[in-house]
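Okay, so here's the structure we're looking at.
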Amino acid sequence: MTPGSREHLKKVAVHAVIVTFNAEEDSFARLISTLSGQVDRLHVIDNTSGASSVHDWIVGAGSTNVEYHALGENLGIATALNEGMRQAMAQGATHVLLSDQDSLPEQRMVHGLLRALAGLQAQGIRAGAVGPTFTDRNTGITFPFQSRVPGKFFYGHAVATDEHPIVEALTLITSGKLIPVEALRDVGLMREDLFIDDVDIEWCLRARAYGWRVFGTCMARMSHAMGESDLDVWYFGWRKETNYSPLRVYYRTRNYVALCREKGIDLRWKVRNGWYTFGVVYSQVFFGKHGREALRMALRGLRDGVRNRMGRYEPG
């Protein structure tokens, strides 16, 4: 039987996990409609505090393979993902697909991910995750994959093309990431004390430390919103960057410091990602709408990271 063939793909059971937080109805409905037909079961984990209309939207969509679970408060994306993955594994999933509420996969994205994964496994590669090529809806930028590049001391970026449709990556974003359950059982679930940012990065780097490899592919595509909106930033010329709230600046700064304490993460990644984190702070402080607050939250994140104060941000 050929890996990636229809017969081979029938043997898998893909469960998707969508984490929601104050979701917007139209985009959420499109996501449910598009993704529910590509997977065996869809677990919606709602992080919204208080009343939520997500369950009513699911009922209105008419999809019969969607399960809804409300956490009752915002416990963070890692906790919500872990709840959904536990449900999926308990119900016999062989693969888990992760998704944010603001992503929109193409019609055959999951099929493309499975084909890419099967092809890697046929080569004897221990593939722990595969992710799609994605385009940011806010900026229109199609992102490459963070990757080791020959001749570069730090990491660079690789683009999956028709000629080379699968590239090895260092990390993948959460949304669109397809993970075999055997990798989840070996590596473990998401690190909950990070709460939101860098949850995806930490898991991928941990998986690599366990001997698993992660890949990106253009055989599967999706659109995704990277932040609240786009932002014009001056880096020796004007360019589009993602606009983040001051709270997200806090988490990005704090969690970067937390990852720097991890001995299993390559020092070259820490140095290179430090420059990226500085760039996020620079763009939000000098070009964002809430520059002063972004600076305050970045400094608070730096302090809490050094003090190892993790979990949900608590004012004061």
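Labels used: A, B, ... for chains in the order of the structure tokens, numbers from 1 for residues in each chain, and numbers from 1 for ligands as shown.
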Strand (DSSP E) per DSSP on the backbone: members of range 53-270 of chain A, as an MDAnalysis selection string
chainID A and resid 66:70 95:100 103:105 127:136 145:147 156:158 166:169 178:180 213:224 229:234 238:243
Considering only C-alpha atoms, tabulate each residue of range 202-274 of chain A that lies at most 8 Å from range 140-156 of chain A along with its nearest interatomic pair and the corresponding distance in Å to one decimal; arrange the rows by chain and ascending residue number and present them as a Markdown table.
| residue | atom | partner | partner_atom | distance |
| --- | --- | --- | --- | --- |
| A:Gly216 | CA | A:Phe145 | CA | 6.5 |
| A:Arg268 | CA | A:Phe154 | CA | 5.5 |
| A:Trp269 | CA | A:Phe154 | CA | 6.6 |
| A:Arg272 | CA | A:Phe154 | CA | 6.2 |
Pull C-alpha atoms from the residues just selected and write them as a short mmCIF file (atom, residue, chain, number, x, y, z; two decimals), in the first residue's frame.
data_model
loop_
_atom_site.label_atom_id
_atom_site.label_comp_id
_atom_site.auth_asym_id
_atom_site.auth_seq_id
_atom_site.Cartn_x
_atom_site.Cartn_y
_atom_site.Cartn_z
CA GLY A 216 6.34 22.41 6.97
CA ARG A 268 21.88 29.82 18.84
CA TRP A 269 18.08 29.74 18.84
CA ARG A 272 18.43 34.68 17.36
#
List as a list of chain:residue names the protein and nucleic acid residues near Glu25 in chain A, meaning an atom at most 9 Å away when only C-alpha atoms are counted, but skip any in the same chain fewer than 5 places from it.
A:Arg30, A:Ser53, A:Val54, A:Trp57
List every residue of range 27-202 of chain A that DSSP, applied to the backbone, labels as helix (DSSP H, G or I), and write the result as a count of residues only.
60
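Using only C-alpha atoms for every distance, the candidate list A:Leu170, A:Met190, A:Ala220, A:Met297 yields A:Leu170 as the residue closest to Ile265 in chain A.
Closest approach to Arg115 in chain A among A:Met219, A:Ala209, A:Cys260, A:Val249: A:Met219, based on only C-alpha atoms.
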Tell me, as a list in words, which residues lie within 10 Å of Ala16 in chain A, counting only C-alpha atoms; anything in the same chain fewer than 6 positions away does not count.
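Residues near the query, excluding close chain neighbours: Leu35, Ser36, Gln38, Val39, Asp40, Arg41, Leu42, His43, Val44, Val66, Gly84, Met85, Ala88, Ala93, His95, Val96, Leu97, Leu98, Ser99, Val110, Gly176, Lys177 and Leu178 of chain A.
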Compare A:Thr217, A:Gly128, A:Trp203, A:Leu120 by their minimum atom-to-atom distance to Pro165 in chain A, counting only C-alpha atoms, and give me the closest one.
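Smallest distance to Pro165 in chain A is found for A:Thr217.
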Would you pick out the contacts of Arg206 in chain A at 12 Å or less, using only C-alpha atoms, so that residues sharing its chain but fewer than 6 positions from it are not included, and give the list as an NGL selection string?
:A and (128-129 or 170-171 or 183-184 or 186-191 or 198-200 or 212-214 or 259 or 262-266)
Compare A:Asn255, A:Thr20, A:Asn82, A:Asn243 by their minimum atom-to-atom distance to Gly305 in chain A, counting only C-alpha atoms, and give me the closest one.
A:Asn255
Which of these residues is nearest to Ser175 in chain A, using only C-alpha atoms: A:Ile201, A:Ala116, A:Leu231, A:Ile125?
A:Ile201
